[in-house]
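Shown here: upload_39.csv, CSV, C-alpha atoms.
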```
chain,number,residue,atom,x,y,z
B,1,MET,CA,11.7,-3.0,-7.9
B,2,GLY,CA,9.5,-0.3,-9.3
B,3,THR,CA,7.8,2.3,-7.3
B,4,VAL,CA,4.5,2.1,-5.5
B,5,VAL,CA,2.4,5.2,-5.4
B,6,SER,CA,-0.5,5.3,-2.9
B,7,PHE,CA,-3.2,7.9,-2.7
B,8,ASP,CA,-4.9,8.7,0.7
B,9,ILE,CA,-7.8,11.0,0.2
B,10,ARG,CA,-9.6,12.2,3.3
B,11,ASP,CA,-12.2,14.3,1.5
B,12,LYS,CA,-15.7,13.1,0.9
B,13,ARG,CA,-15.6,11.1,-2.3
B,14,GLY,CA,-17.7,12.2,-5.2
B,15,PRO,CA,-17.7,11.9,-9.0
B,16,ALA,CA,-15.2,14.7,-9.5
B,17,ILE,CA,-12.7,13.2,-7.1
B,18,GLU,CA,-13.2,9.7,-8.5
B,19,ALA,CA,-12.6,11.1,-12.0
B,20,ALA,CA,-9.5,12.9,-10.8
B,21,LEU,CA,-8.1,9.8,-9.2
B,22,SER,CA,-8.4,8.0,-12.6
B,23,GLU,CA,-6.8,10.9,-14.3
B,24,ALA,CA,-3.9,10.9,-11.7
B,25,VAL,CA,-3.3,7.2,-12.3
B,26,SER,CA,-3.3,7.7,-16.1
B,27,TRP,CA,-0.9,10.6,-15.5
B,28,LEU,CA,1.5,8.3,-13.7
B,29,HIS,CA,1.3,5.7,-16.4
B,30,HIS,CA,2.0,8.4,-19.0
B,31,VAL,CA,5.1,9.5,-17.0
B,32,ASP,CA,6.3,6.0,-16.8
B,33,GLU,CA,5.9,5.5,-20.6
B,34,VAL,CA,7.8,8.7,-21.5
B,35,TYR,CA,10.5,8.8,-18.8
B,36,SER,CA,11.4,5.3,-17.9
B,37,THR,CA,15.0,4.5,-18.6
B,38,TYR,CA,14.1,0.8,-18.5
B,39,ARG,CA,11.7,1.1,-21.4
B,40,PRO,CA,13.8,1.0,-24.6
B,41,ASP,CA,11.0,2.8,-26.5
B,42,SER,CA,10.6,5.7,-24.0
B,43,ALA,CA,11.6,9.2,-25.2
B,44,ILE,CA,14.3,9.3,-22.6
B,45,SER,CA,15.8,6.0,-23.7
B,46,ARG,CA,15.7,7.1,-27.4
B,47,LEU,CA,17.3,10.4,-26.4
B,48,ALA,CA,20.1,8.6,-24.5
B,49,ARG,CA,20.8,6.5,-27.6
B,50,HIS,CA,20.8,9.7,-29.7
B,51,GLU,CA,18.0,8.4,-31.9
B,52,ILE,CA,16.2,11.6,-31.3
B,53,GLU,CA,17.3,15.1,-30.3
B,54,VAL,CA,15.8,17.3,-27.5
B,55,ALA,CA,14.2,19.4,-30.2
B,56,ASP,CA,12.2,16.4,-31.4
B,57,CYS,CA,10.7,15.9,-27.9
B,58,SER,CA,7.4,17.2,-26.6
B,59,ALA,CA,7.3,20.5,-24.7
B,60,GLU,CA,6.8,18.5,-21.5
B,61,VAL,CA,10.0,16.5,-22.0
B,62,ARG,CA,11.9,19.6,-22.8
B,63,GLU,CA,10.5,21.2,-19.6
B,64,VAL,CA,11.5,18.2,-17.5
B,65,LEU,CA,15.1,18.3,-18.9
B,66,ALA,CA,15.2,22.1,-18.2
B,67,LEU,CA,14.0,21.3,-14.6
B,68,CYS,CA,16.9,18.7,-14.4
B,69,ARG,CA,19.4,21.3,-15.5
B,70,SER,CA,18.1,23.9,-13.0
B,71,ALA,CA,18.2,21.2,-10.3
B,72,ALA,CA,21.8,20.5,-11.1
B,73,ARG,CA,22.6,24.2,-10.9
B,74,ASN,CA,20.7,24.8,-7.6
B,75,THR,CA,22.6,21.9,-6.0
B,76,ALA,CA,26.0,22.9,-7.3
B,77,GLY,CA,26.0,19.6,-9.2
B,78,TRP,CA,25.2,17.4,-6.2
B,79,PHE,CA,22.1,16.3,-8.0
B,80,SER,CA,22.7,15.3,-11.6
B,81,HIS,CA,20.6,13.6,-14.2
B,82,LEU,CA,23.9,12.6,-15.7
B,83,ALA,CA,25.5,11.2,-12.5
B,84,THR,CA,25.7,7.7,-13.8
B,85,GLY,CA,27.2,8.7,-17.1
B,86,PHE,CA,24.0,8.5,-19.1
B,87,LEU,CA,20.8,10.4,-19.3
B,88,ASP,CA,18.7,9.5,-16.3
B,89,PRO,CA,16.1,12.0,-15.1
B,90,SER,CA,14.4,9.5,-12.8
B,91,GLY,CA,15.7,11.2,-9.7
B,92,LEU,CA,13.6,14.3,-10.5
B,93,VAL,CA,10.8,12.7,-12.4
B,94,LYS,CA,9.5,10.6,-9.6
B,95,GLY,CA,8.8,13.6,-7.3
B,96,TRP,CA,7.6,15.7,-10.2
B,97,ALA,CA,5.1,12.9,-11.2
B,98,VAL,CA,3.7,12.6,-7.7
B,99,GLU,CA,3.5,16.4,-7.4
B,100,GLY,CA,1.5,16.5,-10.6
B,101,ALA,CA,-0.8,13.7,-9.4
B,102,SER,CA,-1.4,15.7,-6.1
B,103,GLN,CA,-2.2,18.8,-8.2
B,104,ILE,CA,-4.7,16.9,-10.3
B,105,LEU,CA,-6.6,15.8,-7.2
B,106,TYR,CA,-6.4,19.3,-5.6
B,107,GLU,CA,-7.9,20.9,-8.7
B,108,ALA,CA,-10.8,18.5,-8.6
B,109,GLY,CA,-11.6,19.5,-5.0
B,110,ALA,CA,-9.6,17.0,-3.0
B,111,ARG,CA,-8.1,19.3,-0.4
B,112,ASN,CA,-6.9,16.7,2.2
B,113,THR,CA,-4.6,14.2,0.5
B,114,CYS,CA,-1.4,12.3,1.2
B,115,LEU,CA,0.4,10.8,-1.8
B,116,ASN,CA,3.3,8.5,-1.1
B,117,GLY,CA,5.5,7.7,-4.1
B,118,GLY,CA,8.0,5.1,-3.0
B,119,GLY,CA,8.6,6.7,0.4
B,120,ASP,CA,8.4,10.3,-0.8
B,121,LEU,CA,5.3,12.2,0.2
B,122,ARG,CA,3.2,15.1,-0.8
B,123,LEU,CA,0.7,16.2,1.9
B,124,ARG,CA,-2.2,18.6,1.5
B,125,GLY,CA,-4.7,19.8,4.1
B,126,GLU,CA,-5.1,17.6,7.1
B,127,ALA,CA,-5.7,14.0,8.1
B,128,ALA,CA,-9.0,14.9,9.9
B,129,PRO,CA,-10.6,18.2,10.8
B,130,GLY,CA,-8.2,19.8,13.3
B,131,THR,CA,-5.6,16.9,13.0
B,132,PRO,CA,-2.5,17.4,11.0
B,133,TRP,CA,-1.0,14.6,8.9
B,134,ARG,CA,1.4,12.6,11.0
B,135,ILE,CA,4.3,11.0,9.1
B,136,GLY,CA,6.9,8.5,10.3
B,137,ILE,CA,10.4,8.5,9.0
B,138,ALA,CA,11.7,5.0,8.6
B,139,HIS,CA,14.8,4.3,10.6
B,140,PRO,CA,17.6,3.5,8.1
B,141,LEU,CA,19.5,1.3,10.5
B,142,ARG,CA,16.7,-0.4,12.5
B,143,PRO,CA,14.2,-2.2,10.3
B,144,GLY,CA,10.6,-1.6,11.2
B,145,GLU,CA,11.4,1.3,13.5
B,146,LEU,CA,10.8,5.0,13.1
B,147,CYS,CA,13.6,7.5,13.8
B,148,ALA,CA,11.4,10.7,13.7
B,149,THR,CA,7.9,11.9,13.1
B,150,VAL,CA,6.7,14.9,11.2
B,151,GLU,CA,3.4,16.7,11.7
B,152,ALA,CA,2.3,18.9,8.9
B,153,GLY,CA,-0.4,20.3,6.6
B,154,ASP,CA,0.7,21.3,3.2
B,155,LEU,CA,4.2,19.9,2.8
B,156,ALA,CA,6.5,17.6,0.8
B,157,VAL,CA,8.6,15.1,2.7
B,158,ALA,CA,11.4,13.2,0.9
B,159,THR,CA,13.9,10.7,2.3
B,160,SER,CA,17.0,9.5,0.6
B,161,GLY,CA,18.9,6.6,2.1
B,162,THR,CA,20.6,3.3,1.7
B,163,ALA,CA,17.6,1.2,2.7
B,164,GLU,CA,16.2,1.1,-0.8
B,165,ARG,CA,18.0,-1.7,-2.6
B,166,SER,CA,18.3,-0.3,-6.0
B,167,ALA,CA,18.9,3.3,-5.0
B,168,HIS,CA,22.7,3.7,-4.9
B,169,ILE,CA,23.0,7.4,-5.0
B,170,VAL,CA,26.2,8.3,-6.7
B,171,ASN,CA,28.3,11.2,-5.6
B,172,PRO,CA,28.3,13.0,-9.0
B,173,HIS,CA,31.6,14.7,-8.3
B,174,LEU,CA,33.5,11.5,-7.5
B,175,GLY,CA,31.4,8.9,-9.4
B,176,ILE,CA,31.2,6.6,-6.4
B,177,PRO,CA,28.3,5.7,-4.1
B,178,ALA,CA,27.7,8.3,-1.4
B,179,ASN,CA,28.0,6.9,2.1
B,180,GLY,CA,28.4,9.8,4.5
B,181,LEU,CA,24.8,9.5,5.8
B,182,ALA,CA,22.5,6.5,6.5
B,183,SER,CA,19.5,8.6,5.4
B,184,VAL,CA,18.4,12.2,5.1
B,185,THR,CA,14.9,13.6,5.1
B,186,VAL,CA,14.1,16.9,3.5
B,187,THR,CA,10.9,18.9,3.9
B,188,GLY,CA,9.7,21.7,1.7
B,189,ALA,CA,6.8,23.2,-0.3
B,190,GLY,CA,6.7,21.0,-3.4
B,191,LEU,CA,7.9,17.5,-3.9
B,192,THR,CA,9.9,18.0,-7.2
B,193,MET,CA,12.6,20.1,-5.6
B,194,THR,CA,12.2,18.6,-2.1
B,195,ASP,CA,13.0,15.2,-3.5
B,196,VAL,CA,15.9,16.6,-5.6
B,197,TYR,CA,17.3,18.3,-2.4
B,198,ALA,CA,17.1,15.0,-0.5
B,199,THR,CA,19.1,13.2,-3.2
B,200,ALA,CA,21.6,16.1,-3.3
B,201,ALA,CA,21.9,16.2,0.5
B,202,PHE,CA,22.5,12.4,0.6
B,203,ALA,CA,25.2,12.7,-2.0
B,204,ARG,CA,26.9,15.6,-0.1
B,205,GLY,CA,27.1,13.6,3.1
B,206,GLU,CA,28.7,15.5,6.0
B,207,SER,CA,28.3,18.9,4.4
B,208,ALA,CA,24.6,18.4,3.9
B,209,ARG,CA,23.6,20.0,7.3
B,210,ASP,CA,25.1,23.4,6.6
B,211,TRP,CA,23.8,23.3,3.1
B,212,LEU,CA,20.3,22.6,4.1
B,213,GLU,CA,20.4,25.3,6.8
B,214,SER,CA,21.3,27.7,4.0
B,215,LEU,CA,18.3,26.9,1.9
B,216,ASP,CA,15.3,29.0,2.2
B,217,GLY,CA,12.1,27.1,2.8
B,218,TYR,CA,13.7,23.6,3.2
B,219,GLU,CA,14.6,21.8,6.3
B,220,GLY,CA,16.4,18.5,7.0
B,221,PHE,CA,16.9,15.6,9.3
B,222,ALA,CA,19.6,13.0,9.0
B,223,VAL,CA,20.7,9.8,10.5
B,224,LEU,CA,24.4,9.0,10.4
B,225,PRO,CA,25.9,5.6,9.8
B,226,ASP,CA,26.8,5.3,13.5
B,227,GLY,CA,23.1,6.0,14.5
B,228,ARG,CA,23.5,9.6,15.7
B,229,SER,CA,21.3,12.1,14.1
B,230,TRP,CA,20.9,15.8,13.4
B,231,ARG,CA,18.2,18.2,12.3
B,232,THR,CA,18.1,21.7,10.9
B,233,ASP,CA,16.7,24.4,13.2
B,234,GLY,CA,13.3,24.6,11.6
B,235,PHE,CA,12.7,20.9,10.9
B,236,PRO,CA,9.0,20.4,11.5
B,237,GLY,CA,9.3,17.1,13.4
B,238,GLU,CA,10.4,15.3,16.5
B,239,THR,CA,13.1,12.7,16.9
B,240,VAL,CA,11.7,9.4,18.3
B,241,PRO,CA,12.9,9.1,21.9
B,242,GLU,CA,15.8,6.7,22.9
B,243,HIS,CA,17.4,7.8,19.7
B,244,GLY,CA,20.7,9.7,20.2
B,245,SER,CA,21.2,13.0,18.5
B,246,VAL,CA,24.4,14.8,17.6
Y,1,MET,CA,-8.7,7.9,12.4
Y,2,ARG,CA,-8.5,4.2,12.2
Y,3,ARG,CA,-5.7,2.9,10.1
Y,4,ALA,CA,-5.9,-0.2,8.0
Y,5,ALA,CA,-2.5,-0.8,6.4
Y,6,ILE,CA,0.7,0.9,5.4
Y,7,ALA,CA,-1.1,3.2,3.0
Y,8,ALA,CA,-4.7,2.6,3.6
Y,9,ALA,CA,-7.2,4.5,5.7
Y,10,SER,CA,-10.7,3.3,6.2
Y,11,THR,CA,-12.2,6.6,5.2
Y,12,SER,CA,-10.1,7.1,2.1
Y,13,ALA,CA,-9.7,6.1,-1.4
Y,14,LEU,CA,-6.7,3.9,-2.0
Y,15,VAL,CA,-5.0,3.2,-5.2
Y,16,VAL,CA,-1.6,1.4,-5.3
Y,17,LEU,CA,0.2,1.1,-8.6
Y,18,LEU,CA,3.6,0.3,-9.9
Y,19,LEU,CA,5.7,2.8,-11.7
Y,20,THR,CA,8.6,1.2,-13.5
Y,21,LEU,CA,10.9,4.1,-13.2
Y,22,LYS,CA,13.3,1.9,-11.4
Y,23,PRO,CA,12.5,-1.7,-12.1
Y,24,HIS,CA,14.3,-4.9,-11.3
Y,25,GLN,CA,15.2,-5.7,-14.8
Y,26,PRO,CA,14.6,-4.1,-18.2
Y,27,GLY,CA,11.7,-4.6,-20.4
Y,28,ILE,CA,9.1,-5.4,-17.7
Y,29,PRO,CA,5.8,-3.7,-18.4
Y,30,ALA,CA,4.1,-1.8,-15.6
Y,31,LEU,CA,1.9,-3.9,-13.5
Y,32,GLY,CA,-0.4,-0.9,-12.9
Y,33,ALA,CA,-3.5,-1.0,-10.8
Y,34,ALA,CA,-4.9,-3.9,-12.8
Y,35,PRO,CA,-6.7,-6.6,-10.8
Y,36,PRO,CA,-4.1,-9.1,-9.6
Y,37,ALA,CA,-3.8,-12.4,-11.3
Y,38,GLY,CA,-4.2,-15.7,-9.5
Y,39,THR,CA,-6.7,-17.1,-7.2
Y,40,SER,CA,-9.0,-15.2,-4.9
Y,41,PRO,CA,-9.6,-17.5,-1.9
Y,42,ALA,CA,-12.6,-16.9,0.2
Y,43,PRO,CA,-12.0,-15.5,3.7
Y,44,THR,CA,-11.3,-18.1,6.3
Y,45,GLY,CA,-12.5,-15.9,9.1
Y,46,THR,CA,-16.0,-14.9,10.3
Y,47,ALA,CA,-18.2,-12.9,8.0
Y,48,THR,CA,-17.7,-9.2,7.9
Y,49,PRO,CA,-20.4,-7.5,9.8
Y,50,PRO,CA,-22.2,-4.6,8.1
Y,51,GLY,CA,-20.3,-1.4,8.5
Y,52,GLY,CA,-17.1,-3.5,8.4
Y,53,ARG,CA,-15.4,-4.4,11.6
Y,54,GLY,CA,-14.0,-7.7,10.7
Y,55,THR,CA,-12.6,-10.3,13.1
Y,56,GLY,CA,-10.7,-13.3,11.8
Y,57,THR,CA,-8.0,-14.2,9.4
Y,58,TYR,CA,-8.4,-13.2,5.9
Y,59,THR,CA,-6.5,-14.5,2.9
Y,60,GLY,CA,-5.3,-12.0,0.4
Y,61,ASP,CA,-5.1,-12.4,-3.3
Y,62,ALA,CA,-2.2,-14.3,-4.7
Y,63,VAL,CA,-0.4,-11.5,-6.6
Y,64,GLN,CA,1.9,-12.3,-9.5
Y,65,THR,CA,5.0,-10.1,-9.5
Y,66,GLN,CA,8.1,-10.1,-11.6
Y,67,TYR,CA,9.8,-11.9,-8.7
Y,68,GLY,CA,7.2,-14.6,-8.2
Y,69,THR,CA,3.9,-15.0,-6.4
Y,70,VAL,CA,3.2,-13.0,-3.2
Y,71,GLN,CA,0.3,-13.8,-0.9
Y,72,VAL,CA,-0.4,-12.8,2.7
Y,73,ALA,CA,-3.0,-13.5,5.3
Y,74,ALA,CA,-4.2,-10.7,7.6
Y,75,THR,CA,-5.5,-11.3,11.1
Y,76,VAL,CA,-7.9,-8.7,12.3
Y,77,LYS,CA,-9.5,-8.3,15.7
Y,78,ALA,CA,-12.4,-5.8,15.9
Y,79,GLY,CA,-11.2,-3.9,12.9
Y,80,GLU,CA,-7.6,-3.8,14.1
Y,81,LEU,CA,-4.8,-5.4,12.1
Y,82,THR,CA,-3.0,-7.6,14.5
Y,83,ALA,CA,-0.8,-9.9,12.4
Y,84,VAL,CA,0.3,-10.5,8.8
Y,85,LYS,CA,1.4,-14.0,7.7
Y,86,MET,CA,3.2,-14.7,4.4
Y,87,LEU,CA,1.6,-17.6,2.6
Y,88,GLN,CA,3.7,-17.3,-0.5
Y,89,VAL,CA,6.9,-15.5,-1.1
Y,90,PRO,CA,9.1,-15.3,-4.3
Y,91,SER,CA,11.6,-18.2,-4.2
Y,92,GLY,CA,12.7,-18.3,-7.8
Y,93,ASN,CA,16.4,-18.0,-6.9
Y,94,GLY,CA,18.7,-17.3,-4.1
Y,95,ARG,CA,18.6,-13.6,-4.6
Y,96,ASP,CA,14.8,-13.5,-4.5
Y,97,GLN,CA,14.8,-15.5,-1.3
Y,98,GLU,CA,17.3,-13.1,0.2
Y,99,ILE,CA,15.3,-10.1,-0.7
Y,100,ALA,CA,12.1,-11.7,0.6
Y,101,ALA,CA,13.8,-12.5,3.9
Y,102,TYR,CA,15.0,-9.0,4.1
Y,103,ALA,CA,11.9,-7.2,3.0
Y,104,VAL,CA,9.0,-9.1,4.5
Y,105,PRO,CA,9.8,-8.6,8.2
Y,106,ARG,CA,10.1,-4.9,7.4
Y,107,LEU,CA,6.9,-4.7,5.6
Y,108,THR,CA,5.1,-6.6,8.3
Y,109,GLN,CA,6.6,-4.4,11.0
Y,110,GLU,CA,5.5,-1.3,9.1
Y,111,ALA,CA,2.0,-2.5,8.5
Y,112,LEU,CA,1.6,-3.2,12.2
Y,113,GLY,CA,3.7,-0.3,13.4
Y,114,SER,CA,2.1,2.4,11.4
Y,115,HIS,CA,-1.2,1.1,12.5
Y,116,SER,CA,-0.5,1.3,16.2
Y,117,ALA,CA,1.6,4.5,16.2
Y,118,HIS,CA,-1.1,6.6,14.6
Y,119,ILE,CA,1.1,7.3,11.6
Y,120,ASP,CA,-0.6,8.2,8.4
Y,121,SER,CA,2.2,7.3,6.2
Y,122,VAL,CA,5.9,6.5,6.2
Y,123,SER,CA,8.7,8.3,4.4
Y,124,GLY,CA,11.8,6.5,3.4
Y,125,ALA,CA,10.2,3.1,3.2
Y,126,SER,CA,10.7,2.6,-0.5
Y,127,TYR,CA,11.6,-1.0,-0.1
Y,128,THR,CA,7.8,-1.6,0.0
Y,129,SER,CA,6.7,-4.4,-2.3
Y,130,GLN,CA,3.7,-3.8,-4.5
Y,131,GLY,CA,2.8,-7.5,-4.3
Y,132,TYR,CA,2.8,-7.4,-0.5
Y,133,ILE,CA,0.7,-4.3,-0.3
Y,134,GLN,CA,-1.7,-5.5,-3.0
Y,135,SER,CA,-2.2,-8.8,-1.3
Y,136,LEU,CA,-2.5,-7.2,2.1
Y,137,GLN,CA,-5.0,-4.7,0.8
Y,138,SER,CA,-7.2,-7.3,-0.7
Y,139,ALA,CA,-7.2,-9.2,2.6
Y,140,LEU,CA,-8.1,-6.1,4.5
Y,141,ASP,CA,-10.9,-5.4,2.0
Y,142,ARG,CA,-12.3,-8.8,2.7
Y,143,ALA,CA,-12.1,-8.0,6.4
Y,144,GLY,CA,-14.0,-4.8,5.9
Y,145,VAL,CA,-11.2,-2.9,7.7
```
Taking this structure as input, can you express it in the form of structure tokens?
Amino acid sequence: MGTVVSFDIRDKRGPAIEAALSEAVSWLHHVDEVYSTYRPDSAISRLARHEIEVADCSAEVREVLALCRSAARNTAGWFSHLATGFLDPSGLVKGWAVEGASQILYEAGARNTCLNGGGDLRLRGEAAPGTPWRIGIAHPLRPGELCATVEAGDLAVATSGTAERSAHIVNPHLGIPANGLASVTVTGAGLTMTDVYATAAFARGESARDWLESLDGYEGFAVLPDGRSWRTDGFPGETVPEHGSV
Amino acid sequence: MRRAAIAAASTSALVVLLLTLKPHQPGIPALGAAPPAGTSPAPTGTATPPGGRGTGTYTGDAVQTQYGTVQVAATVKAGELTAVKMLQVPSGNGRDQEIAAYAVPRLTQEALGSHSAHIDSVSGASYTSQGYIQSLQSALDRAGV
């Protein structure tokens, strides 16, 4: 279905921010061209077909592949760019691309921004002077409802779940779709690893809670298939009332 | 902070584009932020007052997607989004209809819900359709919301 990226910029718009917005859009198209596994001519597709070697790739591609390997290590293999049996860094690239777009805007002076890449968010600054960003977490079991809200300044918020039709997250250790959680939301400093950790937590299922508690700088909130929910001690949000918690 | 749509705020820049990292089928080029194809019907509601607090029903662009044409109409009262009606949904095959039937009520709920709940954005809502958002945004632009 593709991924929609939206930019919400609350700073006063000027030539520098307009230019950065164009640059950020170009950046996302560049990422799409290089990393899409659905484009036969992308570097990633050519790598997967062994037409080229890692050494033939740009420094940027090599850096992304190194990030993927480090993500796999940091998650004890629960995130894997090889989970489906072929090279697919999409699970990391999406968050990394949005993080990069956010950085482009920040460097141009846009200090109060909310970027949403297919439901994964990178927030900076505030929604209005004195008012933090307020983010709803879509309820995975009740269409159109929110299960929690998060109020934050500089933060990344990523949710992995079964709602997205093409996102069957595979348990890399078993090679079968993960189904222990209906959805899990992870918050952290940057979107690249926050998104990776949300994917890994979803793949883990039941053991995700203890794992997230053990991570420094990351918090989590999950809804179980039966509708109950849990949150780590430091999760910067509130469960929406009339919603049962574990 | 008045909210316009799922991902639009009245005081902010908004760009929506499609990234084909996970497309429906192989070989489809990115739609990008290009102007949508198709007709651009005039608004059927009252004219937007200067400063932009529209009231009326505004027809969005007919947006061509890889699934088919998507077009919505937005009803706005004093700058508030009150209803979204689907004028055209993809109906190419059974699967498209099934997806539209599943996704459209969610999108509409979200557009209205995020508006009323003072939510700036929604996490986990990645079933959003670029055609829906694009058409809704064009309707809201016409409404001056």
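From CA of Thr113 (chain B) back to CA of Val150 (chain B), the distance works out to 15.6 Å.
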All residues 8 Å or closer to Cys147 (chain B), only C-alpha atoms, same chain fewer than 6 positions away omitted, as a compact mmCIF listing (two decimals) with C-alpha atoms, in the frame of the given file:
```
# COMPACT_ATOMS: atom_id res chain seq x y z
CA GLY B 136 6.90 8.50 10.30
CA ILE B 137 10.40 8.50 9.00
CA ALA B 138 11.70 5.00 8.60
CA HIS B 139 14.80 4.30 10.60
CA THR B 239 13.10 12.70 16.90
CA VAL B 240 11.70 9.40 18.30
CA HIS B 243 17.40 7.80 19.70
```
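Shell of Thr84 (chain B) at 10 Å, with all atoms listed in the file counted and residues fewer than 3 places along the chain excluded, is Ser80, His81, Leu87, Asp88, Ile169, Val170, Asn171, Pro172, Gly175 and Ile176 of chain B.
Counting only C-alpha atoms, the residue from Y:Lys77, Y:Ala83, Y:Ser121, Y:Gln71 that sits nearest to chain B is Y:Ser121.
Nearest residue to chain B among Y:Val76, Y:Ile119, Y:Val70, Y:Leu87 is Y:Ile119, counting only C-alpha atoms.
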Within 8 Å of chain Y, which residues of chain B are there when counting only C-alpha atoms? Please give them as a PyMOL selection string. chain B and resi 1-11+13+25+28-29+32+35-40+90+94+114+116+118-121+127-128+133-138+143-145+157-161+163-166+185
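Straight-line separation from CA of Glu18 (chain B) to CA of Ser102 (chain B): 13.5 Å.
The spacing separating CA of Ser70 (chain B) from CA of Leu224 (chain B) amounts to 28.4 Å.
Surrounding region 54-56 of chain B within 12 Å are Ala43, Ile44, Ser45, Arg46, Leu47, Ala48, Arg49, His50, Glu60, Val61, Arg62, Glu63, Val64, Leu65, Ala66 and Leu87 of chain B, with only C-alpha atoms counted and residues fewer than 4 positions along the same chain left out.
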Go ahead and save the residues from that selection, with C-alpha atoms, as a PDB file, keeping the file's coordinate frame.
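Result went into out.pdb, see below:
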```pdb
ATOM      1  CA  ALA B  43      11.600   9.200 -25.200  1.00  0.00           C
ATOM      2  CA  ILE B  44      14.300   9.300 -22.600  1.00  0.00           C
ATOM      3  CA  SER B  45      15.800   6.000 -23.700  1.00  0.00           C
ATOM      4  CA  ARG B  46      15.700   7.100 -27.400  1.00  0.00           C
ATOM      5  CA  LEU B  47      17.300  10.400 -26.400  1.00  0.00           C
ATOM      6  CA  ALA B  48      20.100   8.600 -24.500  1.00  0.00           C
ATOM      7  CA  ARG B  49      20.800   6.500 -27.600  1.00  0.00           C
ATOM      8  CA  HIS B  50      20.800   9.700 -29.700  1.00  0.00           C
ATOM      9  CA  GLU B  60       6.800  18.500 -21.500  1.00  0.00           C
ATOM     10  CA  VAL B  61      10.000  16.500 -22.000  1.00  0.00           C
ATOM     11  CA  ARG B  62      11.900  19.600 -22.800  1.00  0.00           C
ATOM     12  CA  GLU B  63      10.500  21.200 -19.600  1.00  0.00           C
ATOM     13  CA  VAL B  64      11.500  18.200 -17.500  1.00  0.00           C
ATOM     14  CA  LEU B  65      15.100  18.300 -18.900  1.00  0.00           C
ATOM     15  CA  ALA B  66      15.200  22.100 -18.200  1.00  0.00           C
ATOM     16  CA  LEU B  87      20.800  10.400 -19.300  1.00  0.00           C
TER      17      LEU B  87
END
```
Spatial sel., origin (17.2, 28.2, -3.5), limit 8 Å, only C-alpha atoms, listed as number ranges by chain: B: 74, 215-216
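Residue nearest Ala72 (chain B), chosen from B:Ser42, B:Thr232, B:Thr199, B:Ser214 and counting all atoms listed in the file: B:Thr199.
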Out of B:Gly77, B:Gly109, B:Pro89, B:Gly188, which residue has the shortest atom-to-atom distance to Arg122 (chain B) when counting all atoms listed in the file? B:Gly188
